file model_33.txt (compact mmCIF, C-alpha atoms and all ligand atoms)
# COMPACT_ATOMS: atom_id res chain seq x y z
CA MET A 1080 64.84 5.08 -58.01
CA MET A 1081 64.52 3.19 -54.75
CA ALA A 1082 67.55 1.56 -53.17
CA ASP A 1083 67.28 -2.18 -52.58
CA ARG A 1084 66.94 -3.01 -48.91
CA PRO A 1085 68.57 -6.21 -47.74
CA PRO A 1086 66.69 -8.16 -45.06
CA VAL A 1087 67.38 -7.12 -41.46
CA ALA A 1088 70.19 -9.28 -40.13
CA ALA A 1089 70.76 -10.62 -36.64
CA ASP A 1090 71.74 -8.10 -33.96
CA PRO A 1091 75.47 -7.58 -33.47
CA PRO A 1092 76.76 -9.58 -30.48
CA ASP A 1093 78.46 -6.64 -28.70
CA ALA A 1094 75.56 -4.22 -28.89
CA HIS A 1095 75.33 -3.49 -25.16
CA HIS A 1096 73.64 -0.16 -24.48
CA ALA A 1097 75.02 1.60 -21.40
CA PRO A 1098 72.11 3.59 -19.92
CA VAL A 1099 72.91 7.31 -19.84
CA LEU A 1100 72.70 9.31 -16.57
CA LEU A 1101 71.34 6.21 -14.82
CA ALA A 1102 71.82 7.28 -11.17
CA GLU A 1103 70.47 10.73 -11.97
CA VAL A 1104 67.37 9.26 -13.65
CA LEU A 1105 66.61 6.97 -10.68
CA LYS A 1106 67.02 9.85 -8.25
CA GLY A 1107 65.05 12.22 -10.47
CA LEU A 1108 62.14 9.81 -10.84
CA ALA A 1109 62.33 9.11 -7.07
CA VAL A 1110 61.69 5.41 -7.74
CA ARG A 1111 60.45 3.62 -4.60
CA ALA A 1112 59.32 0.08 -3.79
CA GLY A 1113 56.05 -0.59 -5.57
CA ALA A 1114 56.38 2.28 -8.06
CA TRP A 1115 54.71 2.03 -11.47
CA VAL A 1116 56.76 3.61 -14.22
CA ILE A 1117 56.45 3.94 -18.01
CA ASP A 1118 59.70 3.78 -19.96
CA CYS A 1119 58.72 5.25 -23.35
CA THR A 1120 62.10 4.40 -24.92
CA LEU A 1121 62.92 0.87 -23.80
CA GLY A 1122 65.96 0.43 -26.10
CA GLY A 1123 68.29 -2.14 -24.53
CA GLY A 1124 66.28 -2.03 -21.30
CA GLY A 1125 69.10 -0.57 -19.19
CA HIS A 1126 67.01 2.10 -17.46
CA THR A 1127 64.07 -0.27 -17.16
CA GLU A 1128 66.18 -2.94 -15.49
CA ALA A 1129 67.43 -0.44 -12.89
CA ILE A 1130 63.90 0.90 -12.29
CA LEU A 1131 62.67 -2.67 -11.73
CA ALA A 1132 65.45 -3.21 -9.17
CA ALA A 1133 64.72 0.10 -7.40
CA SER A 1134 60.97 -0.60 -7.27
CA ALA A 1135 61.30 -4.22 -6.04
CA PRO A 1136 59.60 -6.32 -4.89
CA ASP A 1137 56.37 -5.35 -6.62
CA GLY A 1138 57.02 -2.24 -8.74
CA ARG A 1139 56.06 -2.45 -12.42
CA VAL A 1140 57.35 -1.02 -15.68
CA LEU A 1141 55.58 -0.60 -19.00
CA GLY A 1142 58.39 -0.61 -21.58
CA ILE A 1143 57.55 0.91 -24.96
CA ASP A 1144 59.65 0.93 -28.12
CA ALA A 1145 58.82 1.47 -31.78
CA ASP A 1146 61.50 -1.04 -32.72
CA PRO A 1147 60.35 -4.69 -32.60
CA ALA A 1148 64.00 -5.76 -32.30
CA ALA A 1149 64.32 -3.81 -29.02
CA ILE A 1150 61.20 -5.48 -27.65
CA ARG A 1151 62.45 -8.91 -28.71
CA ARG A 1152 65.88 -8.43 -27.12
CA VAL A 1153 64.55 -7.15 -23.80
CA ALA A 1154 61.85 -9.86 -23.68
CA GLU A 1155 64.69 -12.35 -23.75
CA ARG A 1156 67.10 -10.55 -21.44
CA LEU A 1157 64.54 -9.63 -18.77
CA ALA A 1158 62.36 -12.73 -19.23
CA ASP A 1159 62.00 -13.25 -15.44
CA ALA A 1160 60.52 -9.79 -14.92
CA VAL A 1161 58.13 -10.38 -17.83
CA ALA A 1162 57.08 -13.75 -16.41
CA ALA A 1163 56.45 -12.13 -13.02
CA SER A 1164 54.28 -9.46 -14.70
CA ARG A 1165 56.60 -6.78 -13.34
CA LEU A 1166 57.64 -5.83 -16.88
CA VAL A 1167 55.07 -5.34 -19.63
CA LEU A 1168 56.40 -4.76 -23.16
CA HIS A 1169 54.64 -2.77 -25.85
CA GLN A 1170 55.77 -2.23 -29.44
CA GLY A 1171 54.62 1.06 -30.90
CA PRO A 1172 55.31 4.79 -31.21
CA PHE A 1173 55.32 6.78 -27.98
CA GLU A 1174 53.14 9.44 -29.60
CA LEU A 1175 50.33 6.96 -28.78
CA LEU A 1176 51.39 6.78 -25.13
CA GLU A 1177 47.95 7.13 -23.56
CA GLU A 1178 46.58 4.39 -25.80
CA ALA A 1179 49.42 2.05 -24.82
CA ALA A 1180 49.03 2.88 -21.12
CA ALA A 1181 45.26 2.25 -21.26
CA ALA A 1182 45.74 -1.04 -23.11
CA HIS A 1183 47.93 -2.34 -20.27
CA GLY A 1184 46.17 -0.67 -17.33
CA PHE A 1185 49.09 1.68 -16.57
CA ALA A 1186 47.35 4.85 -15.37
CA PRO A 1187 47.98 6.76 -13.21
CA VAL A 1188 51.71 6.16 -12.85
CA ASP A 1189 54.50 7.35 -10.54
CA GLY A 1190 57.03 8.09 -13.26
CA VAL A 1191 57.53 8.48 -17.00
CA LEU A 1192 60.92 8.30 -18.70
CA LEU A 1193 61.97 9.39 -22.18
CA ASP A 1194 65.56 8.68 -23.27
CA LEU A 1195 65.44 9.94 -26.83
CA GLY A 1196 67.37 8.99 -29.91
CA VAL A 1197 69.09 5.84 -31.09
CA SER A 1198 70.27 2.90 -29.02
CA SER A 1199 73.68 1.28 -29.36
CA PHE A 1200 72.36 -1.90 -30.94
CA GLN A 1201 70.56 0.12 -33.60
CA LEU A 1202 73.70 2.14 -34.33
CA GLN A 1203 75.86 -0.97 -34.44
CA THR A 1204 73.56 -2.93 -36.76
CA PRO A 1205 74.68 -1.86 -40.27
CA GLU A 1206 71.42 -3.07 -41.86
CA ARG A 1207 69.46 -0.43 -39.92
CA GLY A 1208 71.32 2.35 -41.74
CA PHE A 1209 71.77 4.71 -38.77
CA SER A 1210 75.54 4.97 -38.92
CA PHE A 1211 77.70 6.51 -41.62
CA GLY A 1212 80.65 4.60 -40.17
CA LEU A 1213 79.11 1.25 -41.16
CA THR A 1214 77.96 0.42 -44.67
CA GLY A 1215 74.26 -0.39 -44.80
CA PRO A 1216 71.09 0.55 -46.66
CA LEU A 1217 69.73 4.09 -46.25
CA ASP A 1218 67.02 3.10 -43.81
CA MET A 1219 67.06 4.82 -40.34
CA ARG A 1220 63.55 3.72 -39.31
CA PHE A 1221 63.01 2.88 -35.63
CA ASP A 1222 60.01 0.86 -36.76
CA PRO A 1223 60.90 -1.05 -39.95
CA ALA A 1224 57.17 -1.41 -40.74
CA GLN A 1225 56.67 2.31 -41.29
CA PRO A 1226 56.71 3.38 -44.94
CA LEU A 1227 59.22 6.28 -45.17
CA SER A 1228 62.96 5.48 -45.15
CA ALA A 1229 66.00 7.72 -45.54
CA ALA A 1230 66.44 6.40 -49.11
CA ASP A 1231 63.03 7.78 -50.07
CA ILE A 1232 63.98 11.25 -48.88
CA VAL A 1233 67.50 11.34 -50.35
CA ASN A 1234 66.55 9.81 -53.70
CA GLU A 1235 63.11 11.29 -54.29
CA TRP A 1236 62.55 14.63 -52.57
CA ASP A 1237 63.20 17.78 -54.59
CA GLU A 1238 66.27 19.89 -53.96
CA GLN A 1239 64.48 22.63 -52.05
CA ALA A 1240 62.74 20.21 -49.69
CA LEU A 1241 65.98 18.31 -49.12
CA ALA A 1242 67.91 21.51 -48.37
CA ASP A 1243 65.19 22.64 -45.97
CA VAL A 1244 65.23 19.47 -43.86
CA ILE A 1245 69.03 19.38 -43.76
CA TYR A 1246 69.05 22.98 -42.57
CA ARG A 1247 66.14 22.74 -40.17
CA TYR A 1248 66.75 19.37 -38.53
CA GLY A 1249 70.52 19.12 -39.01
CA GLU A 1250 71.23 22.80 -38.34
CA GLU A 1251 73.67 22.39 -41.23
CA PRO A 1252 74.93 25.72 -42.61
CA LYS A 1253 75.96 24.08 -45.91
CA SER A 1254 72.53 22.54 -46.51
CA ARG A 1255 71.99 24.10 -49.97
CA ARG A 1256 75.35 22.96 -51.28
CA ILE A 1257 74.77 19.43 -49.95
CA ALA A 1258 71.24 19.20 -51.38
CA ARG A 1259 72.40 20.42 -54.82
CA TYR A 1260 75.18 17.83 -54.91
CA LEU A 1261 72.96 14.98 -53.74
CA VAL A 1262 70.23 15.70 -56.28
CA LYS A 1263 72.83 15.81 -59.06
CA HIS A 1264 74.52 12.54 -58.08
CA ARG A 1265 71.66 10.38 -56.83
CA PRO A 1266 70.44 7.68 -56.43
CA PHE A 1267 72.35 6.50 -53.36
CA ALA A 1268 71.87 3.01 -51.98
CA THR A 1269 74.10 2.93 -48.89
CA THR A 1270 75.10 5.00 -45.88
CA ALA A 1271 78.74 4.92 -47.02
CA GLN A 1272 77.88 6.27 -50.49
CA LEU A 1273 75.83 9.06 -48.97
CA ALA A 1274 78.51 9.99 -46.42
CA GLU A 1275 81.14 10.10 -49.16
CA ALA A 1276 78.95 12.30 -51.37
CA ILE A 1277 78.32 14.75 -48.50
CA GLU A 1278 82.05 14.90 -47.83
CA LYS A 1279 82.66 15.75 -51.49
CA ALA A 1280 79.83 18.29 -51.51
CA VAL A 1281 81.39 20.29 -48.69
CA GLY A 1282 84.91 19.96 -50.09
CA GLY A 1283 86.37 17.33 -47.75
CA ARG A 1284 86.90 17.20 -44.01
CA ARG A 1285 89.48 19.98 -43.65
CA GLY A 1286 90.13 19.45 -39.95
CA ALA A 1287 86.42 19.38 -39.07
CA ARG A 1288 85.69 18.24 -35.49
CA ILE A 1289 82.82 16.04 -36.63
CA HIS A 1290 82.34 14.07 -39.85
CA PRO A 1291 80.75 16.35 -42.49
CA ALA A 1292 77.83 13.91 -42.81
CA THR A 1293 76.90 14.03 -39.09
CA ARG A 1294 74.33 16.83 -39.35
CA THR A 1295 72.71 15.51 -42.53
CA PHE A 1296 72.36 12.03 -41.02
CA GLN A 1297 70.76 13.55 -37.91
CA ALA A 1298 68.32 15.51 -40.10
CA LEU A 1299 67.31 12.44 -42.11
CA ARG A 1300 66.76 10.36 -38.97
CA ILE A 1301 64.60 13.08 -37.39
CA VAL A 1302 62.41 13.32 -40.50
CA VAL A 1303 62.15 9.57 -41.09
CA ASN A 1304 60.94 8.99 -37.52
CA ARG A 1305 59.03 12.29 -37.11
CA GLU A 1306 61.05 12.69 -33.95
CA LEU A 1307 60.14 16.25 -33.03
CA GLN A 1308 56.41 15.77 -33.66
CA GLN A 1309 56.48 12.56 -31.59
CA LEU A 1310 58.16 14.44 -28.75
CA GLU A 1311 55.68 17.32 -28.86
CA ARG A 1312 52.82 14.85 -28.73
CA VAL A 1313 54.10 12.61 -25.95
CA LEU A 1314 54.85 15.31 -23.36
CA PRO A 1315 51.25 16.36 -22.55
CA GLN A 1316 50.20 12.71 -22.53
CA ALA A 1317 52.94 11.86 -20.03
CA LEU A 1318 51.75 14.68 -17.79
CA ARG A 1319 48.14 13.48 -17.92
CA LEU A 1320 49.21 9.93 -17.01
CA LEU A 1321 51.20 10.95 -13.93
CA ARG A 1322 49.59 10.92 -10.51
CA PRO A 1323 50.03 14.16 -8.57
CA GLY A 1324 53.59 14.10 -7.24
CA GLY A 1325 54.64 11.77 -10.07
CA ARG A 1326 57.82 12.57 -11.96
CA LEU A 1327 58.76 13.00 -15.61
CA ALA A 1328 62.39 12.58 -16.74
CA VAL A 1329 63.50 13.42 -20.27
CA ILE A 1330 66.97 12.86 -21.72
CA THR A 1331 67.67 14.68 -24.99
CA PHE A 1332 70.72 14.51 -27.26
CA HIS A 1333 70.51 17.66 -29.38
CA SER A 1334 69.35 21.23 -29.06
CA LEU A 1335 66.17 20.87 -31.15
CA GLU A 1336 64.82 18.25 -28.74
CA ASP A 1337 66.03 20.01 -25.63
CA ARG A 1338 64.39 23.27 -26.71
CA ILE A 1339 61.01 21.53 -27.07
CA VAL A 1340 61.25 19.93 -23.60
CA LYS A 1341 62.50 23.12 -21.95
CA HIS A 1342 59.81 25.38 -23.40
CA TRP A 1343 57.03 22.90 -22.74
CA MET A 1344 58.10 22.43 -19.11
CA LEU A 1345 58.35 26.19 -18.61
CA ALA A 1346 54.89 26.73 -20.11
CA GLU A 1347 53.36 24.00 -17.92
CA ALA A 1348 55.14 25.36 -14.85
CA ARG A 1349 53.68 28.82 -15.55
CA GLY A 1350 50.29 27.32 -16.37
CA ASP A 1351 50.02 28.76 -19.85
CA ALA A 1352 50.73 25.74 -22.07
CA PRO A 1353 48.12 25.52 -24.85
CA ASP A 1354 46.83 22.09 -23.81
CA SER A 1355 47.64 22.27 -20.14
CA ASN A 1356 45.75 19.92 -17.80
CA ARG A 1357 44.21 23.02 -16.29
CA MET A 1358 42.80 24.52 -19.49
CA GLU A 1359 39.16 24.35 -18.44
CA GLU A 1360 39.88 25.74 -15.00
CA ARG A 1361 41.90 28.54 -16.55
CA MET A 1362 39.06 29.43 -18.84
CA GLU A 1363 36.62 29.51 -15.94
CA GLY A 1364 39.00 31.46 -13.76
CA GLY A 1365 39.70 34.15 -16.34
CA SER A 1366 43.32 35.26 -16.21
CA GLN A 1367 44.22 32.98 -13.29
CA ARG A 1368 47.13 30.65 -14.06
CA TRP A 1369 47.35 27.09 -12.82
CA PRO A 1370 50.78 25.53 -13.01
CA ALA A 1371 50.56 21.83 -13.87
CA LEU A 1372 54.12 20.92 -12.93
CA ARG A 1373 57.14 22.00 -10.95
CA ILE A 1374 60.52 21.95 -12.66
CA LEU A 1375 63.12 20.20 -10.51
CA THR A 1376 66.11 20.94 -12.77
CA LYS A 1377 66.62 24.69 -13.26
CA LYS A 1378 69.48 23.76 -15.55
CA PRO A 1379 69.56 20.37 -17.26
CA ILE A 1380 71.67 17.66 -15.65
CA THR A 1381 74.62 16.59 -17.83
CA PRO A 1382 76.94 13.58 -17.49
CA THR A 1383 80.08 13.75 -15.39
CA ALA A 1384 83.46 13.81 -17.14
CA GLU A 1385 83.88 10.20 -16.00
CA GLU A 1386 80.61 9.07 -17.63
CA MET A 1387 81.53 10.87 -20.86
CA ARG A 1388 84.91 9.13 -20.85
CA LEU A 1389 83.38 5.70 -20.24
CA ASN A 1390 80.44 6.25 -22.59
CA PRO A 1391 81.17 8.82 -25.31
CA ARG A 1392 77.56 8.48 -26.56
CA SER A 1393 76.50 10.31 -23.37
CA ARG A 1394 78.46 13.46 -24.31
CA SER A 1395 75.55 15.57 -25.52
CA ALA A 1396 72.93 14.21 -23.08
CA LYS A 1397 70.75 16.62 -21.09
CA LEU A 1398 68.32 15.46 -18.44
CA ARG A 1399 65.32 17.54 -17.35
CA ILE A 1400 62.99 16.49 -14.54
CA ALA A 1401 59.59 17.80 -13.51
CA GLU A 1402 57.01 16.85 -10.88
CA LYS A 1403 53.28 16.90 -11.51
CA LEU A 1404 51.34 19.23 -9.23
CA PRO A 1405 47.87 18.41 -7.92
CA THR A 1406 45.28 19.31 -10.56
CA THR A 1407 42.43 20.16 -8.16
CA GLN A 1408 42.05 20.93 -4.47
CA SER A 1409 40.97 17.34 -3.84
CA ASP A 1410 44.29 16.02 -5.20
CA THR A 1411 46.32 17.67 -2.46
C1 LIG B 1501 68.46 5.91 -26.53
S1 LIG B 1501 67.52 4.50 -26.79
C2 LIG B 1501 66.94 4.09 -25.18
C3 LIG B 1501 67.92 3.31 -24.36
C4 LIG B 1501 67.40 2.80 -23.04
N1 LIG B 1501 67.04 3.86 -22.15
C5 LIG B 1501 68.38 1.85 -22.39
O1 LIG B 1501 68.79 2.10 -21.24
O2 LIG B 1501 68.75 0.85 -22.98
C6 LIG B 1501 66.08 5.10 -27.54
C7 LIG B 1501 65.06 4.05 -27.95
O3 LIG B 1501 63.84 4.70 -28.16
C8 LIG B 1501 63.20 4.17 -29.29
N2 LIG B 1501 62.38 5.25 -29.85
C9 LIG B 1501 62.81 6.42 -30.37
N3 LIG B 1501 61.77 7.17 -30.75
C10 LIG B 1501 60.66 6.45 -30.46
C11 LIG B 1501 59.25 6.70 -30.61
N4 LIG B 1501 58.80 7.83 -31.13
N5 LIG B 1501 58.40 5.77 -30.17
C12 LIG B 1501 58.85 4.63 -29.60
N6 LIG B 1501 60.15 4.32 -29.45
C13 LIG B 1501 61.04 5.24 -29.87
C14 LIG B 1501 64.32 3.74 -30.21
O4 LIG B 1501 63.87 2.67 -31.04
C15 LIG B 1501 65.40 3.30 -29.22
O5 LIG B 1501 65.35 1.92 -28.99
call {"tool": "encode", "arguments": {"input": "model_33.txt", "output": "structure tokens", "more": "lines below"}}
Ligand SMILES: C[S@@+](CC[C@H](N)C(=O)[O-])C[C@H]1O[C@@H](n2cnc3c(N)ncnc32)[C@H](O)[C@@H]1O
result
Amino acid sequence: MMADRPPVAADPPDAHHAPVLLAEVLKGLAVRAGAWVIDCTLGGGGHTEAILAASAPDGRVLGIDADPAAIRRVAERLADAVAASRLVLHQGPFELLEEAAAAHGFAPVDGVLLDLGVSSFQLQTPERGFSFGLTGPLDMRFDPAQPLSAADIVNEWDEQALADVIYRYGEEPKSRRIARYLVKHRPFATTAQLAEAIEKAVGGRRGARIHPATRTFQALRIVVNRELQQLERVLPQALRLLRPGGRLAVITFHSLEDRIVKHWMLAEARGDAPDSNRMEERMEGGSQRWPALRILTKKPITPTAEEMRLNPRSRSAKLRIAEKLPTTQSDT
């Protein structure tokens, strides 16, 4: 049975999103006057606004978000930059990055930013269903027009499939127990009902550091939005769009995402990524390897204790930065 979904309500008034690792992102992207940058995760527009300031007077940003509400809010808040054609907004998934960039004439670019995950206004809008602390429908879609919602997974998938996603994407050791309980007690219509059921399934909180539903909610959100596939697809596109010397900055919030970024960057830095920019040259050159990027963060950059105190959402953030190398002799 499908849960009823109430219409999406107005955004909460206090949904300000403090951009994470802002100074580090600006430095990492080396934003200069006149720079052209693609922000693949516009959100509340915090990073974009700072990039526009750092690239003044004529730098430009293409801001992409799957969530039409994010686009609408930033269009209003940064209306002057939009009117001056310094900010171009695009609603859509970042897995279609090259298509979006081509549609708006944004190639090549000096920088690409990905700040993954959920924004504050999404978390604080109960009707979006991202938060187990607020009662709302089991939704969790970044783009409300896409077909699959969290309710579909929780109420319709079989026990094995449910247990697998909770284990794989939530890294939840009690995935089987949770899946068994959910299948027995469903359907669930709201985030609060689901959180309560998960708590019962694992036998209460018993001094746990995080709410027992945290990992299951993460898993559902990742599946609903195909987050890991989207990330795997966007990285090579970002690299292709950068000019030589251009920078890529990626902020992740959990180990599954960070692992993908880390391994991809390492493979591109060694020149053995499967769809590296240099594939054809590698094939011609036999065993010769052609690194496509240089990693500028041996270890990921994490927020200072002060930032974590001021913005607890930043706690698990990790920033990795890489620079595109010239692809041919003529690029140098
Ligand atoms: C953490 S927020 C970004 C916050 C932003 N940097 C700021 O300073 O306000 C992440 C945003 O990325 C969007 N998003 C997540 N995955 C996406 C995808 N695959 N395609 C497009 N947008 C995505 C979400 O809708 C959300 O608004």
call {"tool": "residues_around", "arguments": {"input": "model_33.txt", "residues": "Ala1114 of chain A", "least_positions_apart": "6", "cutoff": "12 Å", "atoms": "all atoms listed in the file", "output": "PyMOL selection string"}}
result
chain A and resi 1105+1108+1130-1141+1165+1185-1191+1321-1322+1325-1326
call {"tool": "residues_near_ligand", "arguments": {"input": "model_33.txt", "ligand": "ligand LIG 1501 (chain B)", "cutoff": "9 Å", "atoms": "all atoms listed in the file", "output": "PDB file with C-alpha atoms, in the frame of the given file"}}
result
ATOM      1  CA  HIS A1095      75.330  -3.490 -25.160  1.00  0.00           C
ATOM      2  CA  HIS A1096      73.640  -0.160 -24.480  1.00  0.00           C
ATOM      3  CA  ALA A1097      75.020   1.600 -21.400  1.00  0.00           C
ATOM      4  CA  PRO A1098      72.110   3.590 -19.920  1.00  0.00           C
ATOM      5  CA  VAL A1099      72.910   7.310 -19.840  1.00  0.00           C
ATOM      6  CA  LEU A1101      71.340   6.210 -14.820  1.00  0.00           C
ATOM      7  CA  ASP A1118      59.700   3.780 -19.960  1.00  0.00           C
ATOM      8  CA  CYS A1119      58.720   5.250 -23.350  1.00  0.00           C
ATOM      9  CA  THR A1120      62.100   4.400 -24.920  1.00  0.00           C
ATOM     10  CA  LEU A1121      62.920   0.870 -23.800  1.00  0.00           C
ATOM     11  CA  GLY A1122      65.960   0.430 -26.100  1.00  0.00           C
ATOM     12  CA  GLY A1123      68.290  -2.140 -24.530  1.00  0.00           C
ATOM     13  CA  GLY A1124      66.280  -2.030 -21.300  1.00  0.00           C
ATOM     14  CA  GLY A1125      69.100  -0.570 -19.190  1.00  0.00           C
ATOM     15  CA  HIS A1126      67.010   2.100 -17.460  1.00  0.00           C
ATOM     16  CA  THR A1127      64.070  -0.270 -17.160  1.00  0.00           C
ATOM     17  CA  GLU A1128      66.180  -2.940 -15.490  1.00  0.00           C
ATOM     18  CA  ALA A1129      67.430  -0.440 -12.890  1.00  0.00           C
ATOM     19  CA  ILE A1143      57.550   0.910 -24.960  1.00  0.00           C
ATOM     20  CA  ASP A1144      59.650   0.930 -28.120  1.00  0.00           C
ATOM     21  CA  ALA A1145      58.820   1.470 -31.780  1.00  0.00           C
ATOM     22  CA  ASP A1146      61.500  -1.040 -32.720  1.00  0.00           C
ATOM     23  CA  PRO A1147      60.350  -4.690 -32.600  1.00  0.00           C
ATOM     24  CA  ALA A1148      64.000  -5.760 -32.300  1.00  0.00           C
ATOM     25  CA  ALA A1149      64.320  -3.810 -29.020  1.00  0.00           C
ATOM     26  CA  ILE A1150      61.200  -5.480 -27.650  1.00  0.00           C
ATOM     27  CA  GLN A1170      55.770  -2.230 -29.440  1.00  0.00           C
ATOM     28  CA  GLY A1171      54.620   1.060 -30.900  1.00  0.00           C
ATOM     29  CA  PRO A1172      55.310   4.790 -31.210  1.00  0.00           C
ATOM     30  CA  PHE A1173      55.320   6.780 -27.980  1.00  0.00           C
ATOM     31  CA  GLU A1174      53.140   9.440 -29.600  1.00  0.00           C
ATOM     32  CA  LEU A1175      50.330   6.960 -28.780  1.00  0.00           C
ATOM     33  CA  LEU A1176      51.390   6.780 -25.130  1.00  0.00           C
ATOM     34  CA  LEU A1192      60.920   8.300 -18.700  1.00  0.00           C
ATOM     35  CA  LEU A1193      61.970   9.390 -22.180  1.00  0.00           C
ATOM     36  CA  ASP A1194      65.560   8.680 -23.270  1.00  0.00           C
ATOM     37  CA  LEU A1195      65.440   9.940 -26.830  1.00  0.00           C
ATOM     38  CA  GLY A1196      67.370   8.990 -29.910  1.00  0.00           C
ATOM     39  CA  VAL A1197      69.090   5.840 -31.090  1.00  0.00           C
ATOM     40  CA  SER A1198      70.270   2.900 -29.020  1.00  0.00           C
ATOM     41  CA  SER A1199      73.680   1.280 -29.360  1.00  0.00           C
ATOM     42  CA  PHE A1200      72.360  -1.900 -30.940  1.00  0.00           C
ATOM     43  CA  GLN A1201      70.560   0.120 -33.600  1.00  0.00           C
ATOM     44  CA  ARG A1220      63.550   3.720 -39.310  1.00  0.00           C
ATOM     45  CA  PHE A1221      63.010   2.880 -35.630  1.00  0.00           C
ATOM     46  CA  ASP A1222      60.010   0.860 -36.760  1.00  0.00           C
ATOM     47  CA  ASN A1304      60.940   8.990 -37.520  1.00  0.00           C
ATOM     48  CA  ARG A1305      59.030  12.290 -37.110  1.00  0.00           C
ATOM     49  CA  GLU A1306      61.050  12.690 -33.950  1.00  0.00           C
ATOM     50  CA  LEU A1307      60.140  16.250 -33.030  1.00  0.00           C
ATOM     51  CA  GLN A1308      56.410  15.770 -33.660  1.00  0.00           C
ATOM     52  CA  GLN A1309      56.480  12.560 -31.590  1.00  0.00           C
ATOM     53  CA  LEU A1310      58.160  14.440 -28.750  1.00  0.00           C
ATOM     54  CA  VAL A1313      54.100  12.610 -25.950  1.00  0.00           C
ATOM     55  CA  ILE A1330      66.970  12.860 -21.720  1.00  0.00           C
ATOM     56  CA  THR A1331      67.670  14.680 -24.990  1.00  0.00           C
ATOM     57  CA  PHE A1332      70.720  14.510 -27.260  1.00  0.00           C
TER      58      PHE A1332
END
call {"tool": "closest_residue", "arguments": {"input": "model_33.txt", "among": "A:Glu1402, A:Asn1390, A:Val1233, A:Thr1383", "to": "Ala1102 of chain A", "atoms": "only C-alpha atoms"}}
result
A:Thr1383
call {"tool": "atom_distance", "arguments": {"input": "model_33.txt", "atom1": "atom CA of Glu1347 of chain A", "atom2": "atom CA of Leu1314 of chain A"}}
result
10.4 Å
call {"tool": "atom_distance", "arguments": {"input": "model_33.txt", "atom1": "atom CA of Pro1223 of chain A", "atom2": "atom CA of Ile1245 of chain A"}}
result
22.3 Å
call {"tool": "residues_around", "arguments": {"input": "model_33.txt", "residues": "Leu1299 of chain A", "least_positions_apart": "5", "cutoff": "10 Å", "atoms": "all atoms listed in the file", "output": "ChimeraX atom specification"}}
result
/A:1209,1217-1220,1228-1230,1232-1233,1241,1244-1245,1248-1249,1294,1304-1305
call {"tool": "residues_around", "arguments": {"input": "model_33.txt", "residues": "Pro1252 of chain A", "least_positions_apart": "6", "cutoff": "12 Å", "atoms": "only C-alpha atoms", "output": "short mmCIF file (atom, residue, chain, number, x, y, z; two decimals) with C-alpha atoms, in the coordinates of the input"}}
result
data_model
loop_
_atom_site.label_atom_id
_atom_site.label_comp_id
_atom_site.auth_asym_id
_atom_site.auth_seq_id
_atom_site.Cartn_x
_atom_site.Cartn_y
_atom_site.Cartn_z
CA ALA A 1242 67.91 21.51 -48.37
CA ASP A 1243 65.19 22.64 -45.97
CA VAL A 1244 65.23 19.47 -43.86
CA ILE A 1245 69.03 19.38 -43.76
CA TYR A 1246 69.05 22.98 -42.57
CA ALA A 1258 71.24 19.20 -51.38
CA VAL A 1281 81.39 20.29 -48.69
CA PRO A 1291 80.75 16.35 -42.49
CA ARG A 1294 74.33 16.83 -39.35
CA THR A 1295 72.71 15.51 -42.53
#
call {"tool": "atom_distance", "arguments": {"input": "model_33.txt", "atom1": "atom CA of Ile1374 of chain A", "atom2": "atom CA of Ala1346 of chain A"}}
result
10.5 Å
call {"tool": "closest_residue", "arguments": {"input": "model_33.txt", "among": "A:Met1387, A:Leu1100, A:Ala1109, A:Ala1274", "to": "Leu1375 of chain A", "atoms": "all atoms listed in the file"}}
result
A:Ala1109
call {"tool": "closest_residue", "arguments": {"input": "model_33.txt", "among": "A:Lys1279, A:Arg1394, A:Lys1378, A:Arg1111", "to": "His1264 of chain A", "atoms": "all atoms listed in the file"}}
result
A:Lys1279
call {"tool": "residues_near_point", "arguments": {"input": "model_33.txt", "point": "(79.4, 11.0, -45.9)", "cutoff": "8 Å", "atoms": "all atoms listed in the file", "output": "list in words"}}
result
Phe1211, Thr1270, Ala1271, Gln1272, Leu1273, Ala1274, Glu1275, Ala1276, Ile1277, Glu1278, His1290, Pro1291, Ala1292 and Thr1293 of chain A
call {"tool": "write_last_selection", "arguments": {"input": "model_33.txt", "atoms": "C-alpha atoms", "output": "tab-separated table (two decimals), in the frame of the given file"}}
result
chain	number	residue	atom	x	y	z
A	1211	PHE	CA	77.70	6.51	-41.62
A	1270	THR	CA	75.10	5.00	-45.88
A	1271	ALA	CA	78.74	4.92	-47.02
A	1272	GLN	CA	77.88	6.27	-50.49
A	1273	LEU	CA	75.83	9.06	-48.97
A	1274	ALA	CA	78.51	9.99	-46.42
A	1275	GLU	CA	81.14	10.10	-49.16
A	1276	ALA	CA	78.95	12.30	-51.37
A	1277	ILE	CA	78.32	14.75	-48.50
A	1278	GLU	CA	82.05	14.90	-47.83
A	1290	HIS	CA	82.34	14.07	-39.85
A	1291	PRO	CA	80.75	16.35	-42.49
A	1292	ALA	CA	77.83	13.91	-42.81
A	1293	THR	CA	76.90	14.03	-39.09
